[in-house]
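Visitor: One structure, pasted below without further comment.
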Amino acid sequence: MSLRTFIFGLAASFGVAWLFIIVVPFIKMRNLEPIQLNEATDGTTGIFYPKRTGRITNGALVYAENGCYLCHSQLIRPTYAGNDLYRSDWGGLKADPDRGDTRRETNVYDFSGEKFAQIGVSRMGPDLSNVGLRVSANYATGGDPAKWFYNHLYNPRQDPKLWKSTCPPFRFMFSERLITGNPSNDAIAIVDDGKKEIVPDSDAQALVSYLLSLKKDQAVPAVLNFAPPKNKG
């Protein structure tokens, strides 16, 4: 084998993979076409608009800058590739009080409003596709989900249910502030014999707003819903 043939073969091996894994998906996803709703399959007509509220753009930037994607994914895989849909509330709620079973797979429209799709590198921690919904339903029941997130970022093992959490604390996103009058509504703890309060900085606020926006419970058009049929029984 000549050096020229070796170099050509090496370039082709990496080039073909790069083409189909990076270039083709980028071209197909950079300008997503609007989806027309179908009366027969969706029960309504019009255009499908993905709904998300929160500081998505700058919150996603804080998420990326602090390496959250290194330990958390945002990708509910199809059932032929894993059992993500059947893990506890990863793909949605199995028994939503209003809509029943809302579990579904991830689709490209779930990343609408973000510059990059935060699909993640590994799963040292749980998938976060529905973490805003999951926290509201399971952890912050009757309380403030944002306050729960702030406490979790400050001390991930504070919640007895998460005593084995490997998530590092992000205390650098919080500040100690002298209390003048009553503690602020944003305070997560009172320290120094009641003289100071711990409050989230702007990065923590943006990150929590972004995490709260991760609620993939919106009903999607039939052409995007590849989840297995729901068990009516």
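Ligands are numbered from 1 in the order shown, residues from 1 within each chain, and chains are lettered A, B, ... in the order they appear in the structure tokens.
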Excluding Lys161 in chain A and any residue of its chain fewer than 4 positions from it, enumerate the residues within 12 Å of it, using only C-alpha atoms, and give them as a list in words.

Guide: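 So the residues in contact are Asn138, Tyr139, His152, Pro156, Arg157 and Ser165 of chain A.
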
Visitor: Hey, what's within 12 Å of Ser136 in chain A if we count only C-alpha atoms and toss same-chain stuff fewer than 5 positions away? As a PyMOL selection string, please?

Guide: chain A and resi 89+93+96+130-131+141-149+211-215

Visitor: Please provide the set of residues having any atom within 9 Å of Ser129 in chain A, restricted to only C-alpha atoms, with same-chain residues fewer than 2 positions apart removed, written as a VMD selection string.

Guide: chain A and resid 73 to 76 90 to 92 106 110 119 127 131 to 132 214 to 216

Visitor: Keeping only N, CA and C atoms, write those residues as a CSV table (one decimal), in the first residue's frame.

Guide:
chain,number,residue,atom,x,y,z
A,73,SER,N,-27.4,14.6,30.0
A,73,SER,CA,-27.9,14.6,28.6
A,73,SER,C,-29.2,15.3,28.6
A,74,GLN,N,-29.7,15.6,27.4
A,74,GLN,CA,-31.0,16.1,27.1
A,74,GLN,C,-31.5,15.4,25.9
A,75,LEU,N,-31.6,14.1,26.0
A,75,LEU,CA,-32.0,13.3,24.8
A,75,LEU,C,-32.7,12.0,25.2
A,76,ILE,N,-34.0,12.0,25.0
A,76,ILE,CA,-34.8,10.8,25.3
A,76,ILE,C,-34.8,10.0,24.0
A,90,TRP,N,-38.3,10.7,32.9
A,90,TRP,CA,-37.3,11.2,32.0
A,90,TRP,C,-37.9,11.8,30.8
A,91,GLY,N,-38.8,11.0,30.2
A,91,GLY,CA,-39.4,11.5,28.9
A,91,GLY,C,-40.8,12.2,29.1
A,92,GLY,N,-41.2,12.5,30.3
A,92,GLY,CA,-42.4,13.1,30.6
A,92,GLY,C,-43.1,12.4,31.8
A,106,THR,N,-37.4,12.6,22.2
A,106,THR,CA,-36.9,13.9,21.9
A,106,THR,C,-37.0,14.1,20.3
A,110,ASP,N,-37.5,20.4,20.1
A,110,ASP,CA,-37.3,20.6,21.5
A,110,ASP,C,-36.1,21.5,21.8
A,119,ILE,N,-27.3,18.0,23.8
A,119,ILE,CA,-27.7,16.6,23.9
A,119,ILE,C,-26.8,15.9,25.0
A,127,ASP,N,-30.8,12.3,32.9
A,127,ASP,CA,-31.2,13.2,31.8
A,127,ASP,C,-32.0,14.3,32.3
A,131,VAL,N,-36.4,18.1,33.4
A,131,VAL,CA,-36.1,18.3,34.8
A,131,VAL,C,-37.0,19.4,35.4
A,132,GLY,N,-37.4,20.4,34.6
A,132,GLY,CA,-38.3,21.4,35.2
A,132,GLY,C,-39.6,20.8,35.6
A,214,LEU,N,-37.1,23.4,30.9
A,214,LEU,CA,-37.0,22.1,30.3
A,214,LEU,C,-38.2,21.3,30.7
A,215,LYS,N,-39.3,21.5,30.0
A,215,LYS,CA,-40.5,20.7,30.2
A,215,LYS,C,-41.1,20.3,28.9
A,216,LYS,N,-40.6,19.1,28.5
A,216,LYS,CA,-41.0,18.6,27.1
A,216,LYS,C,-42.4,17.9,27.2

Visitor: Choose the residue, out of A:Pro78, A:Pro97, A:Pro221, A:Gly9, that has the smallest atom-to-atom separation from Gly46 in chain A; count only C-alpha atoms.

Guide: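 Going through A:Pro78, A:Pro97, A:Pro221, A:Gly9 one by one, the smallest distance to Gly46 in chain A is for A:Pro221.
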
Visitor: Do you know which residues are at most 10 Å from range 62-66 of chain A counting only C-alpha atoms, after dropping those on the same chain fewer than 5 positions away, and could you put them as an NGL selection string?

Guide: :A and (56-57 or 116 or 118 or 120 or 170 or 202-208 or 210-211)

Visitor: Generate the output file for the selected residues, N, CA and C atoms, as a short mmCIF file (atom, residue, chain, number, x, y, z; two decimals), in the first residue's frame.

Guide:
data_model
loop_
_atom_site.label_atom_id
_atom_site.label_comp_id
_atom_site.auth_asym_id
_atom_site.auth_seq_id
_atom_site.Cartn_x
_atom_site.Cartn_y
_atom_site.Cartn_z
N ILE A 56 -33.85 31.27 28.04
CA ILE A 56 -33.30 30.13 27.33
C ILE A 56 -31.91 30.43 26.79
N THR A 57 -31.74 31.57 26.14
CA THR A 57 -30.47 31.85 25.46
C THR A 57 -29.32 31.99 26.44
N PHE A 116 -27.18 25.88 20.41
CA PHE A 116 -26.66 24.52 20.31
C PHE A 116 -27.64 23.56 20.98
N GLN A 118 -28.18 20.85 23.40
CA GLN A 118 -27.41 20.35 24.56
C GLN A 118 -27.71 18.87 24.79
N GLY A 120 -25.64 16.51 25.28
CA GLY A 120 -24.79 15.95 26.32
C GLY A 120 -23.69 15.04 25.81
N PHE A 170 -22.24 24.51 43.24
CA PHE A 170 -21.93 25.70 42.45
C PHE A 170 -22.07 26.94 43.35
N SER A 202 -26.57 36.47 39.19
CA SER A 202 -27.27 36.49 37.90
C SER A 202 -27.09 35.20 37.12
N ASP A 203 -25.90 34.58 37.21
CA ASP A 203 -25.68 33.31 36.50
C ASP A 203 -26.59 32.21 37.04
N ALA A 204 -26.72 32.17 38.36
CA ALA A 204 -27.60 31.15 38.96
C ALA A 204 -29.04 31.39 38.56
N GLN A 205 -29.46 32.63 38.50
CA GLN A 205 -30.82 32.95 38.11
C GLN A 205 -31.09 32.55 36.66
N ALA A 206 -30.12 32.84 35.77
CA ALA A 206 -30.28 32.47 34.37
C ALA A 206 -30.30 30.95 34.21
N LEU A 207 -29.42 30.25 34.93
CA LEU A 207 -29.36 28.80 34.83
C LEU A 207 -30.65 28.16 35.34
N VAL A 208 -31.15 28.62 36.46
CA VAL A 208 -32.39 28.05 37.01
C VAL A 208 -33.57 28.34 36.10
N TYR A 210 -33.43 28.61 32.92
CA TYR A 210 -33.26 27.67 31.80
C TYR A 210 -33.70 26.26 32.20
N LEU A 211 -33.29 25.81 33.37
CA LEU A 211 -33.66 24.46 33.82
C LEU A 211 -35.17 24.33 33.99
#

Visitor: Taking only C-alpha atoms into account, name the residue in A:Glu114, A:Asp201, A:Asp192, A:Asp217 that is nearest to Tyr150 in chain A.

Guide: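 Using only C-alpha atoms, Tyr150 in chain A sits closest to A:Asp201.
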
Visitor: Please compute the CA of Gly125 in chain A-CA of Lys94 in chain A distance, one decimal, in Å.

Guide: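 Distance between the two atoms: 20.8 Å.
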